[in-house]
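Student: Encoded as structure tokens, here's the structure I'll be asking about.
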Amino acid sequence: MKKIHNALRISRFTTSLSHDEININDNIMNLKEAAPFLGKSVGAVRKMCQRKQIPAHRVHYRWYFLKSELIIWLKNQ
């Protein structure tokens, strides 16, 4: 239930995907999970988030990522 609730909260802040493209079952990753997925350190990913260089969502002072957005972002790099 928590995963679904967080997906709904994050989907409100999503700009790179339309509402129809957001999958409730999309993997939501926190900063520590996204860093190895991207092949970068936690600090490097945090700085990228702060500089808005990567698709990320801030909810209650924490960074969250939708896996589908990161995959699209990686393909466009």
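Each chain in the structure tokens gets a letter, A, B, ..., in the order shown, and its residues are numbered from 1; ligands are numbered from 1 in order too.
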If you count only C-alpha atoms, which residues fall within 9 Å of Arg62 in chain A, apart from same-chain ones fewer than 4 positions away, as a list in words?
Tutor: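 Returned residues: Asn30, Leu31, His57 and Arg58 of chain A.
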Student: To one decimal place in Å, what is the distance between CA of Gln53 in chain A and CA of Leu66 in chain A?
Tutor: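 The value is 14.8 Å.
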Student: Could you tell me how far CA of Ala56 in chain A lies from CA of Asp26 in chain A, in Å and to one decimal?
Tutor: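 The value is 14.1 Å.
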Student: Grab the CA of Asn76 in chain A to CA of Cys49 in chain A distance for me, in Å with one decimal place.
Tutor: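 The value is 16.9 Å.
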Student: Can you list, as a list of chain:residue names, every protein, DNA or RNA residue that comes within 10 Å of range 33-39 of chain A when you count only C-alpha atoms, leaving out same-chain residues fewer than 6 positions away?
Tutor: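 Skipping anything fewer than 6 positions along the chain leaves A:Val45, A:Arg46, A:Trp63, A:Tyr64, A:Phe65, A:Leu66, A:Lys67, A:Leu70, A:Ile71, A:Leu74.
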Student: Selected residues, C-alpha atoms, written as a compact mmCIF listing (two decimals), in the first residue's frame, please.
Tutor:
# COMPACT_ATOMS: atom_id res chain seq x y z
CA VAL A 45 23.25 12.06 -7.85
CA ARG A 46 22.18 14.42 -5.05
CA TRP A 63 14.60 12.57 -3.39
CA TYR A 64 12.63 9.92 -5.28
CA PHE A 65 12.97 8.64 -8.82
CA LEU A 66 10.68 6.79 -11.20
CA LYS A 67 12.66 4.06 -12.91
CA LEU A 70 15.56 7.43 -15.41
CA ILE A 71 15.62 4.94 -18.28
CA LEU A 74 19.69 7.61 -19.75
Student: Run DSSP on the backbone and grab whatever in range 30-76 of chain A lands in helix (DSSP H, G or I); send it over as a count of residues only.
Tutor: 26
